[in-house]
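File shown: query-v4.pdb. Contents: PDB, C-alpha atoms.
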ATOM      1  CA  MET A   1     -99.251 -54.376-134.300
ATOM      2  CA  ASN A   2     -96.157 -52.579-133.014
ATOM      3  CA  GLN A   3     -95.188 -52.244-129.367
ATOM      4  CA  GLU A   4     -96.232 -48.588-129.142
ATOM      5  CA  LYS A   5     -99.796 -49.427-130.159
ATOM      6  CA  ILE A   6     -99.864 -52.424-127.833
ATOM      7  CA  GLU A   7     -98.981 -50.122-124.945
ATOM      8  CA  ILE A   8    -101.766 -47.721-125.962
ATOM      9  CA  ILE A   9    -104.278 -50.582-125.875
ATOM     10  CA  LYS A  10    -103.006 -51.646-122.463
ATOM     11  CA  THR A  11    -103.467 -48.066-121.232
ATOM     12  CA  ILE A  12    -107.054 -47.901-122.533
ATOM     13  CA  VAL A  13    -107.990 -51.205-120.895
ATOM     14  CA  SER A  14    -106.231 -50.189-117.674
ATOM     15  CA  ASN A  15    -108.107 -46.865-117.550
ATOM     16  CA  PHE A  16    -111.477 -48.557-117.869
ATOM     17  CA  SER A  17    -110.537 -51.328-115.449
ATOM     18  CA  LYS A  18    -109.877 -48.678-112.790
ATOM     19  CA  VAL A  19    -113.309 -47.141-113.369
ATOM     20  CA  LEU A  20    -114.876 -50.600-113.107
ATOM     21  CA  ASN A  21    -112.723 -51.631-110.127
ATOM     22  CA  LEU A  22    -111.402 -54.619-112.057
ATOM     23  CA  ASN A  23    -108.132 -56.399-111.490
ATOM     24  CA  GLU A  24    -105.800 -55.739-114.416
ATOM     25  CA  GLU A  25    -104.420 -59.258-114.031
ATOM     26  CA  ASP A  26    -107.852 -60.630-114.911
ATOM     27  CA  LEU A  27    -107.894 -58.607-118.127
ATOM     28  CA  LYS A  28    -104.746 -60.101-119.648
ATOM     29  CA  GLY A  29    -106.801 -62.469-121.791
ATOM     30  CA  PHE A  30    -108.857 -59.602-123.195
ATOM     31  CA  ILE A  31    -105.741 -57.548-123.883
ATOM     32  CA  ASN A  32    -104.117 -60.474-125.678
ATOM     33  CA  GLU A  33    -107.277 -60.915-127.774
ATOM     34  CA  ILE A  34    -107.148 -57.286-128.891
ATOM     35  CA  ILE A  35    -103.444 -57.079-129.681
ATOM     36  CA  ASN A  36    -103.655 -60.198-131.811
ATOM     37  CA  LEU A  37    -106.219 -58.536-134.070
ATOM     38  CA  ARG A  38    -105.617 -56.337-137.086
ATOM     39  CA  GLU A  39    -105.585 -52.667-136.102
ATOM     40  CA  ASN A  40    -109.022 -51.853-137.564
ATOM     41  CA  ASP A  41    -110.576 -54.916-135.933
ATOM     42  CA  ALA A  42    -108.982 -53.880-132.619
ATOM     43  CA  ILE A  43    -110.651 -50.467-132.924
ATOM     44  CA  ASP A  44    -114.017 -52.106-133.650
ATOM     45  CA  LEU A  45    -113.739 -54.473-130.687
ATOM     46  CA  LEU A  46    -112.859 -51.642-128.308
ATOM     47  CA  ILE A  47    -115.759 -49.539-129.612
ATOM     48  CA  VAL A  48    -118.151 -52.467-129.174
ATOM     49  CA  GLN A  49    -116.978 -53.201-125.627
ATOM     50  CA  ILE A  50    -117.094 -49.525-124.627
ATOM     51  CA  HIS A  51    -120.621 -49.279-126.071
ATOM     52  CA  ARG A  52    -121.759 -52.250-124.007
ATOM     53  CA  LEU A  53    -120.284 -50.781-120.829
ATOM     54  CA  LEU A  54    -121.885 -47.412-121.553
ATOM     55  CA  GLU A  55    -125.249 -49.007-122.354
ATOM     56  CA  SER A  56    -125.200 -50.923-119.069
ATOM     57  CA  LYS A  57    -124.261 -47.671-117.252
ATOM     58  CA  ARG A  58    -121.060 -49.214-115.872
ATOM     59  CA  ILE A  59    -119.121 -46.276-117.297
ATOM     60  CA  SER A  60    -120.092 -42.695-118.107
ATOM     61  CA  GLU A  61    -119.834 -40.630-121.285
ATOM     62  CA  LYS A  62    -117.028 -38.693-119.563
ATOM     63  CA  ASP A  63    -115.075 -41.943-119.158
ATOM     64  CA  VAL A  64    -115.443 -42.517-122.882
ATOM     65  CA  PHE A  65    -114.341 -39.037-123.933
ATOM     66  CA  ASP A  66    -111.410 -39.119-121.528
ATOM     67  CA  ASN A  67    -110.042 -42.066-123.534
ATOM     68  CA  ILE A  68    -111.237 -41.434-127.067
ATOM     69  CA  ASP A  69    -108.024 -39.670-128.118
ATOM     70  CA  LEU A  70    -106.096 -42.850-127.338
ATOM     71  CA  LEU A  71    -108.217 -44.779-129.821
ATOM     72  CA  THR A  72    -107.071 -42.462-132.612
ATOM     73  CA  LYS A  73    -103.462 -43.579-132.056
ATOM     74  CA  ILE A  74    -104.110 -47.252-132.912
ATOM     75  CA  SER A  75    -104.897 -47.005-136.624
ATOM     76  CA  GLU A  76    -104.033 -44.538-139.376
ATOM     77  CA  ASN A  77    -107.663 -44.807-140.555
ATOM     78  CA  TYR A  78    -108.945 -43.049-137.434
ATOM     79  CA  LYS A  79    -107.125 -39.777-136.821
ATOM     80  CA  THR A  80    -109.716 -37.717-134.923
ATOM     81  CA  LYS A  81    -112.454 -38.116-132.338
ATOM     82  CA  GLU A  82    -114.948 -37.538-135.125
ATOM     83  CA  ASP A  83    -113.501 -40.512-137.015
ATOM     84  CA  ILE A  84    -114.088 -42.742-133.988
ATOM     85  CA  LEU A  85    -117.600 -41.406-133.426
ATOM     86  CA  ASN A  86    -118.434 -41.869-137.113
ATOM     87  CA  ARG A  87    -117.218 -45.448-136.925
ATOM     88  CA  TYR A  88    -119.403 -46.026-133.867
ATOM     89  CA  GLU A  89    -122.450 -44.656-135.717
ATOM     90  CA  PHE A  90    -121.656 -46.881-138.699
ATOM     91  CA  LEU A  91    -121.362 -50.007-136.527
ATOM     92  CA  LYS A  92    -124.618 -49.068-134.834
ATOM     93  CA  SER A  93    -126.494 -48.508-138.099
ATOM     94  CA  MET A  94    -125.225 -51.840-139.472
ATOM     95  CA  ASN A  95    -126.319 -53.756-136.329
ATOM     96  CA  MET A  96    -122.691 -54.641-135.653
ATOM     97  CA  LEU A  97    -122.426 -53.678-131.999
ATOM     98  CA  TYR A  98    -123.239 -57.192-130.810
ATOM     99  CA  THR A  99    -121.178 -59.343-133.164
ATOM    100  CA  ASN A 100    -118.309 -61.391-131.770
ATOM    101  CA  THR A 101    -116.324 -62.121-134.940
ATOM    102  CA  PRO A 102    -113.783 -59.484-136.028
ATOM    103  CA  LEU A 103    -115.015 -57.745-139.161
ATOM    104  CA  GLU A 104    -112.051 -58.537-141.402
ATOM    105  CA  GLU A 105    -112.172 -62.165-140.302
ATOM    106  CA  ASN A 106    -115.891 -62.231-141.140
ATOM    107  CA  HIS A 107    -115.144 -60.870-144.607
ATOM    108  CA  GLU A 108    -112.482 -63.484-145.213
ATOM    109  CA  ILE A 109    -114.678 -66.404-144.201
ATOM    110  CA  VAL A 110    -117.794 -65.281-146.098
ATOM    111  CA  LEU A 111    -115.773 -64.865-149.302
ATOM    112  CA  GLU A 112    -114.064 -68.213-148.710
ATOM    113  CA  VAL A 113    -117.452 -69.922-148.324
ATOM    114  CA  PHE A 114    -118.750 -68.190-151.459
ATOM    115  CA  ASP A 115    -115.705 -69.315-153.416
ATOM    116  CA  MET A 116    -115.778 -72.917-152.211
ATOM    117  CA  PHE A 117    -119.519 -73.367-152.630
ATOM    118  CA  ASN A 118    -119.294 -72.065-156.192
ATOM    119  CA  GLU A 119    -116.632 -74.683-156.822
ATOM    120  CA  LEU A 120    -119.001 -77.328-155.466
ATOM    121  CA  ILE A 121    -122.186 -76.451-157.360
ATOM    122  CA  GLY A 122    -121.032 -74.338-160.318
ATOM    123  CA  THR A 123    -124.011 -73.436-162.511
ATOM    124  CA  ASP A 124    -125.511 -76.932-162.552
ATOM    125  CA  TYR A 125    -128.529 -75.851-160.493
ATOM    126  CA  ASP A 126    -131.418 -73.506-161.123
ATOM    127  CA  ALA A 127    -130.111 -71.405-158.250
ATOM    128  CA  TYR A 128    -129.376 -67.721-157.680
ATOM    129  CA  TYR A 129    -127.558 -65.893-154.900
ATOM    130  CA  THR A 130    -129.283 -62.894-153.408
ATOM    131  CA  GLY A 131    -128.732 -60.422-150.572
ATOM    132  CA  GLY A 132    -126.468 -57.500-149.816
ATOM    133  CA  LEU A 133    -123.237 -59.456-150.172
ATOM    134  CA  MET A 134    -123.918 -59.949-153.864
ATOM    135  CA  GLY A 135    -124.074 -56.210-154.461
ATOM    136  CA  TYR A 136    -120.561 -55.815-153.075
ATOM    137  CA  ILE A 137    -119.209 -58.765-155.052
ATOM    138  CA  LYS A 138    -120.895 -57.822-158.335
ATOM    139  CA  THR A 139    -119.675 -54.223-158.169
ATOM    140  CA  LYS A 140    -116.250 -55.249-156.801
ATOM    141  CA  HIS A 141    -116.827 -52.972-153.809
ATOM    142  CA  LYS A 142    -114.777 -53.739-150.699
ATOM    143  CA  LEU A 143    -116.870 -55.430-148.020
ATOM    144  CA  GLU A 144    -117.736 -53.032-145.206
ATOM    145  CA  ARG A 145    -120.304 -54.569-142.896
ATOM    146  CA  TYR A 146    -120.835 -57.871-141.118
ATOM    147  CA  HIS A 147    -122.367 -60.729-143.126
ATOM    148  CA  GLY A 148    -123.991 -63.472-141.065
ATOM    149  CA  ASP A 149    -124.596 -65.864-143.954
ATOM    150  CA  LEU A 150    -125.176 -66.149-147.692
ATOM    151  CA  ASP A 151    -128.619 -66.460-149.272
ATOM    152  CA  LEU A 152    -129.411 -68.704-152.222
ATOM    153  CA  PHE A 153    -132.679 -69.154-154.095
ATOM    154  CA  ILE A 154    -132.913 -72.688-155.497
ATOM    155  CA  ASN A 155    -135.530 -74.477-157.571
ATOM    156  CA  GLU A 156    -136.953 -77.056-155.180
ATOM    157  CA  ASN A 157    -136.759 -79.706-157.926
ATOM    158  CA  GLY A 158    -132.991 -79.704-157.433
ATOM    159  CA  LEU A 159    -133.152 -79.821-153.648
ATOM    160  CA  GLU A 160    -132.686 -83.559-153.163
ATOM    161  CA  ASP A 161    -129.807 -83.692-155.636
ATOM    162  CA  LEU A 162    -128.145 -80.802-153.801
ATOM    163  CA  TYR A 163    -128.663 -82.651-150.517
ATOM    164  CA  LYS A 164    -126.808 -85.692-151.907
ATOM    165  CA  LEU A 165    -123.998 -83.530-153.291
ATOM    166  CA  VAL A 166    -123.478 -81.703-149.993
ATOM    167  CA  LYS A 167    -123.746 -84.922-147.981
ATOM    168  CA  ASP A 168    -120.714 -86.282-149.862
ATOM    169  CA  SER A 169    -118.750 -83.043-149.421
ATOM    170  CA  ASP A 170    -115.840 -82.720-147.003
ATOM    171  CA  SER A 171    -116.390 -78.985-146.541
ATOM    172  CA  PHE A 172    -120.147 -78.552-146.130
ATOM    173  CA  GLU A 173    -123.033 -80.037-144.160
ATOM    174  CA  PHE A 174    -126.723 -79.985-145.108
ATOM    175  CA  ILE A 175    -128.888 -78.960-142.115
ATOM    176  CA  SER A 176    -132.676 -78.893-141.717
ATOM    177  CA  ASN A 177    -134.357 -76.064-139.795
ATOM    178  CA  MET A 178    -137.822 -77.598-140.095
ATOM    179  CA  ASP A 179    -138.142 -78.695-136.460
ATOM    180  CA  ASP A 180    -138.347 -75.102-135.240
ATOM    181  CA  LYS A 181    -138.946 -73.063-138.377
ATOM    182  CA  GLU A 182    -141.679 -70.436-138.377
ATOM    183  CA  GLU A 183    -143.414 -69.184-141.516
ATOM    184  CA  ASN A 184    -140.423 -67.051-142.510
ATOM    185  CA  GLY A 185    -136.820 -68.109-142.730
ATOM    186  CA  HIS A 186    -134.774 -70.883-144.301
ATOM    187  CA  GLU A 187    -136.115 -74.439-144.440
ATOM    188  CA  PHE A 188    -132.563 -75.708-144.918
ATOM    189  CA  LYS A 189    -129.066 -74.328-144.728
ATOM    190  CA  ILE A 190    -125.664 -75.539-145.821
ATOM    191  CA  GLN A 191    -123.100 -75.076-143.072
ATOM    192  CA  TYR A 192    -119.427 -74.539-143.796
ATOM    193  CA  LYS A 193    -117.878 -77.135-141.500
ATOM    194  CA  GLY A 194    -115.980 -75.837-138.481
ATOM    195  CA  THR A 195    -117.527 -72.346-138.728
ATOM    196  CA  LYS A 196    -120.789 -70.528-138.038
ATOM    197  CA  MET A 197    -121.029 -69.420-141.678
ATOM    198  CA  SER A 198    -123.715 -70.987-143.839
ATOM    199  CA  ILE A 199    -125.698 -70.677-147.047
ATOM    200  CA  GLY A 200    -129.397 -70.271-146.285
ATOM    201  CA  LEU A 201    -131.741 -71.699-148.915
ATOM    202  CA  PHE A 202    -134.866 -69.993-150.246
ATOM    203  CA  LEU A 203    -137.071 -72.320-152.300
ATOM    204  CA  PHE A 204    -139.026 -71.709-155.472
ATOM    205  CA  GLU A 205    -140.957 -73.504-158.201
ATOM    206  CA  ARG A 206    -140.588 -72.530-161.864
ATOM    207  CA  LYS A 207    -143.766 -72.782-163.941
ATOM    208  CA  ASN A 208    -143.828 -73.551-167.672
ATOM    209  CA  ASP A 209    -145.139 -70.071-168.519
ATOM    210  CA  GLY A 210    -142.211 -68.350-166.751
ATOM    211  CA  GLU A 211    -144.036 -67.653-163.510
ATOM    212  CA  ILE A 212    -141.960 -68.316-160.402
ATOM    213  CA  VAL A 213    -143.530 -69.280-157.085
ATOM    214  CA  ILE A 214    -141.491 -68.482-153.955
ATOM    215  CA  LYS A 215    -142.354 -71.055-151.291
ATOM    216  CA  GLU A 216    -142.099 -70.931-147.513
ATOM    217  CA  TYR A 217    -142.730 -74.223-145.724
ATOM    218  CA  TYR A 218    -143.588 -74.566-142.042
ATOM    219  CA  HIS A 219    -145.395 -76.855-139.622
ATOM    220  CA  LYS A 220    -148.700 -75.705-138.182
ATOM    221  CA  ASP A 221    -148.269 -74.001-134.801
ATOM    222  CA  ASN A 222    -144.505 -74.362-135.261
ATOM    223  CA  LYS A 223    -144.704 -78.017-134.102
ATOM    224  CA  PRO A 224    -142.918 -80.613-136.265
ATOM    225  CA  GLU A 225    -145.484 -83.305-135.446
ATOM    226  CA  LYS A 226    -148.258 -81.232-137.035
ATOM    227  CA  GLU A 227    -149.104 -80.939-140.735
ATOM    228  CA  LEU A 228    -146.704 -79.310-143.146
ATOM    229  CA  LEU A 229    -148.022 -76.143-144.808
ATOM    230  CA  VAL A 230    -146.679 -73.791-147.449
ATOM    231  CA  ASN A 231    -147.133 -70.109-148.235
ATOM    232  CA  GLU A 232    -146.672 -69.145-151.867
ATOM    233  CA  GLN A 233    -145.624 -65.847-153.403
ATOM    234  CA  HIS A 234    -146.494 -65.900-157.105
ATOM    235  CA  LEU A 235    -144.202 -63.783-159.279
ATOM    236  CA  LEU A 236    -145.678 -63.062-162.671
ATOM    237  CA  PRO A 237    -143.476 -63.983-165.671
ATOM    238  CA  GLU A 238    -142.180 -60.502-166.536
ATOM    239  CA  TYR A 239    -141.369 -59.742-162.918
ATOM    240  CA  ALA A 240    -139.681 -63.134-162.437
ATOM    241  CA  ASN A 241    -137.620 -62.603-165.578
ATOM    242  CA  LEU A 242    -136.332 -59.262-164.266
ATOM    243  CA  VAL A 243    -135.431 -60.785-160.897
ATOM    244  CA  PHE A 244    -133.867 -64.122-161.845
ATOM    245  CA  SER A 245    -131.117 -63.070-164.203
ATOM    246  CA  LYS A 246    -129.931 -65.371-167.000
ATOM    247  CA  ASN A 247    -126.398 -63.937-166.771
ATOM    248  CA  ILE A 248    -123.505 -66.149-165.700
ATOM    249  CA  GLU A 249    -121.141 -64.362-163.320
ATOM    250  CA  GLU A 250    -117.542 -65.177-162.374
ATOM    251  CA  TYR A 251    -115.608 -64.887-159.130
ATOM    252  CA  ASN A 252    -112.047 -66.207-158.678
ATOM    253  CA  GLY A 253    -112.389 -68.132-161.918
ATOM    254  CA  LYS A 254    -115.535 -69.934-160.761
ATOM    255  CA  LEU A 255    -118.983 -69.421-162.255
ATOM    256  CA  TYR A 256    -122.193 -68.619-160.398
ATOM    257  CA  LYS A 257    -125.651 -67.099-160.904
ATOM    258  CA  MET A 258    -127.316 -64.337-158.930
ATOM    259  CA  GLN A 259    -130.489 -62.318-158.869
ATOM    260  CA  SER A 260    -130.302 -59.131-160.888
ATOM    261  CA  LEU A 261    -128.651 -56.160-159.248
ATOM    262  CA  GLU A 262    -131.847 -54.199-159.901
ATOM    263  CA  SER A 263    -133.955 -56.689-157.921
ATOM    264  CA  ILE A 264    -131.530 -56.602-154.977
ATOM    265  CA  TYR A 265    -131.559 -52.794-155.043
ATOM    266  CA  ASN A 266    -135.354 -52.753-155.304
ATOM    267  CA  VAL A 267    -135.771 -54.825-152.143
ATOM    268  CA  LYS A 268    -133.215 -52.881-150.128
ATOM    269  CA  LYS A 269    -133.759 -49.252-151.083
ATOM    270  CA  ASN A 270    -136.623 -48.628-148.619
ATOM    271  CA  SER A 271    -135.774 -51.179-145.948
ATOM    272  CA  ARG A 272    -133.606 -51.217-142.792
ATOM    273  CA  PRO A 273    -130.646 -48.798-142.414
ATOM    274  CA  LYS A 274    -128.105 -51.490-143.305
ATOM    275  CA  ASP A 275    -130.163 -52.419-146.374
ATOM    276  CA  LYS A 276    -130.391 -48.787-147.452
ATOM    277  CA  TYR A 277    -126.622 -48.576-147.080
ATOM    278  CA  ASP A 278    -126.206 -51.644-149.314
ATOM    279  CA  ALA A 279    -128.562 -50.017-151.826
ATOM    280  CA  SER A 280    -126.469 -46.842-151.836
ATOM    281  CA  ILE A 281    -123.364 -48.891-152.702
ATOM    282  CA  ILE A 282    -124.911 -50.385-155.843
ATOM    283  CA  LYS A 283    -127.232 -47.579-156.979
ATOM    284  CA  ASP A 284    -124.846 -46.227-159.632
ATOM    285  CA  TYR A 285    -124.673 -49.710-161.216
ATOM    286  CA  VAL A 286    -128.439 -50.181-161.386
ATOM    287  CA  ASP A 287    -130.715 -49.534-164.348
ATOM    288  CA  LEU A 288    -133.277 -47.382-162.544
ATOM    289  CA  SER A 289    -135.845 -47.889-165.303
ATOM    290  CA  ILE A 290    -135.832 -51.607-164.438
ATOM    291  CA  ASP A 291    -136.106 -50.736-160.755
ATOM    292  CA  SER A 292    -139.140 -48.595-161.573
ATOM    293  CA  ARG A 293    -140.665 -51.403-163.616
ATOM    294  CA  LEU A 294    -140.195 -53.806-160.713
ATOM    295  CA  ASP A 295    -142.127 -51.389-158.490
ATOM    296  CA  GLU A 296    -144.989 -51.428-160.982
ATOM    297  CA  LEU A 297    -145.033 -55.173-161.550
ATOM    298  CA  LYS A 298    -144.784 -56.242-157.910
ATOM    299  CA  LYS A 299    -148.296 -54.892-157.371
ATOM    300  CA  GLU A 300    -149.573 -57.664-159.643
ATOM    301  CA  ASN A 301    -147.852 -60.488-157.765
ATOM    302  CA  TYR A 302    -150.061 -62.346-155.335
ATOM    303  CA  GLN A 303    -149.908 -64.654-152.314
ATOM    304  CA  VAL A 304    -151.543 -67.956-151.404
ATOM    305  CA  LYS A 305    -151.162 -68.956-147.767
ATOM    306  CA  GLY A 306    -151.495 -72.158-145.776
ATOM    307  CA  ASN A 307    -151.663 -74.781-148.541
ATOM    308  CA  ASP A 308    -151.192 -78.414-147.576
ATOM    309  CA  ALA A 309    -147.613 -79.531-148.359
ATOM    310  CA  SER A 310    -147.683 -83.119-147.108
ATOM    311  CA  ASN A 311    -146.844 -84.475-150.584
ATOM    312  CA  SER A 312    -144.126 -81.941-151.364
ATOM    313  CA  ILE A 313    -140.427 -82.296-152.114
ATOM    314  CA  VAL A 314    -139.693 -80.650-148.778
ATOM    315  CA  ALA A 315    -141.814 -83.223-146.922
ATOM    316  CA  ASP A 316    -139.894 -86.050-148.615
ATOM    317  CA  LEU A 317    -136.506 -84.504-147.840
ATOM    318  CA  GLU A 318    -137.474 -83.720-144.255
ATOM    319  CA  GLU A 319    -138.439 -87.368-143.750
ATOM    320  CA  LYS A 320    -135.174 -88.546-145.297
ATOM    321  CA  ILE A 321    -133.093 -86.282-143.047
ATOM    322  CA  ASN A 322    -135.069 -87.287-139.940
ATOM    323  CA  ASN A 323    -134.671 -90.980-140.747
ATOM    324  CA  LYS A 324    -130.946 -90.486-141.165
ATOM    325  CA  GLU A 325    -130.747 -88.736-137.802
ATOM    326  CA  SER A 326    -132.746 -91.549-136.192
ATOM    327  CA  ILE A 327    -130.309 -94.122-137.549
ATOM    328  CA  LYS A 328    -127.371 -92.076-136.206
ATOM    329  CA  SER A 329    -128.856 -92.099-132.713
ATOM    330  CA  LEU A 330    -129.202 -95.904-132.541
TER     331      LEU A 330
END
Go ahead and express the file in the form of structure tokens.
Amino acid sequence: MNQEKIEIIKTIVSNFSKVLNLNEEDLKGFINEIINLRENDAIDLLIVQIHRLLESKRISEKDVFDNIDLLTKISENYKTKEDILNRYEFLKSMNMLYTNTPLEENHEIVLEVFDMFNELIGTDYDAYYTGGLMGYIKTKHKLERYHGDLDLFINENGLEDLYKLVKDSDSFEFISNMDDKEENGHEFKIQYKGTKMSIGLFLFERKNDGEIVIKEYYHKDNKPEKELLVNEQHLLPEYANLVFSKNIEEYNGKLYKMQSLESIYNVKKNSRPKDKYDASIIKDYVDLSIDSRLDELKKENYQVKGNDASNSIVADLEEKINNKESIKSL
């Protein structure tokens, strides 16, 4: 960032500090944080901070519009007030107004984790990435929004082997969420060491006839000392075959598997604003006849809730992890 843009940022912060009756000396750390960012990340951080001040009524809309022209001088990507306001609306719709990691930094780390985890597991597991990130990667579309983690469906029969593999890794750590997990969410996640980025695991069982059973494990009343239960979502064979693609994909020379683009689109197209945005990115790459078929078939899938899971693979792994933690604490 050149000196002219640094001075503009100092002016913006100074203007708001006067409105807030803050000492400019106390804001040096914040200024240094901004000027050390890439220009687009600096814009995002300023928009986020201004939003928070406006939301808490510490500044007025007039204060914002008195300074908005200055924001357009920081990056060539934002040349008008409308550009800034459109960026604000985008950040808002993507739930990005409360994130603390700069967007470009988030993109770098999530792609780094994806790359390194693919190197670790390859295609040796019955496992498939899912989620919005995969739409961007598959279609080679530049990442645009914040990604909190990666999502991976894995056949629970490979869970213990994956645990052993990750345990011996220098880059990743296998973490259990079972002590405070509710019915929804990840039973386990694989944390990229030294960061907040992780791969959240969704578990499934593959039946001999091609049916796939998505499983969600949890302790009764959300208390780890109580019995372990499981909810099951049964995907009929044709539906499962359309979701869990047999294709082998490649990224940075490393192989991986993912759910079909059609299944990702199908889940996202009528969901939250950020999901609808993801769907719009990949729509032109989707076979809409398959999407339509998924809509038809999903009506035939069925749920079974609250089954006893005390003799499950997850129960065995949970005990193993807890025993390991107990030994560590001695």
Selection result for the PyMOL selection byres ((chain A and resi 145) around 8) on this file, as an MDAnalysis selection string: chainID A and resid 91 94 96 103 143:144 146:147
Produce the centre coordinates and the three edge lengths, each in Å to one decimal, of the box along x, y and z that contains all listed atoms of segment 238-245 of chain A with 5 Å added on each side, as JSON.
{"center_x": -136.6, "center_y": -61.7, "center_z": -163.7, "size_x": 21.1, "size_y": 14.9, "size_z": 15.6}
Which polymer residues have any atom within 7 Å of an atom of Ser93 of chain A, counting only C-alpha atoms, with same-chain residues fewer than 2 positions away left out, as an mmCIF file with C-alpha atoms, keeping the file's coordinate frame?
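So the final result, stored in result-v2.cif, reads:
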data_model
loop_
_atom_site.group_PDB
_atom_site.id
_atom_site.type_symbol
_atom_site.label_atom_id
_atom_site.label_comp_id
_atom_site.auth_asym_id
_atom_site.auth_seq_id
_atom_site.Cartn_x
_atom_site.Cartn_y
_atom_site.Cartn_z
ATOM 1 C CA GLU A 89 -122.450 -44.656 -135.717
ATOM 2 C CA PHE A 90 -121.656 -46.881 -138.699
ATOM 3 C CA LEU A 91 -121.362 -50.007 -136.527
ATOM 4 C CA ASN A 95 -126.319 -53.756 -136.329
ATOM 5 C CA PRO A 273 -130.646 -48.798 -142.414
ATOM 6 C CA LYS A 274 -128.105 -51.490 -143.305
#
Neighbour list for Val64 of chain A as a list of chain:residue names, cut-off 9 Å, all atoms listed in the file, skip fewer than 3 positions in-chain: A:Phe16, A:Ile50, A:Leu54, A:Ile59, A:Ser60, A:Glu61, A:Asn67, A:Ile68
Given the PyMOL selection byres ((chain A and resi 2-12) around 12), the residues it picks as a ChimeraX atom specification: /A:1,13-19,24-25,27-39,42-43,45-47,49-50,63-76
Exercise: Met178 of chain A partners within 9 Å, only C-alpha atoms, chain neighbours under 6 positions left out, as a VMD selection string: chain A and resid 186 to 188 217 to 219 222 224 318
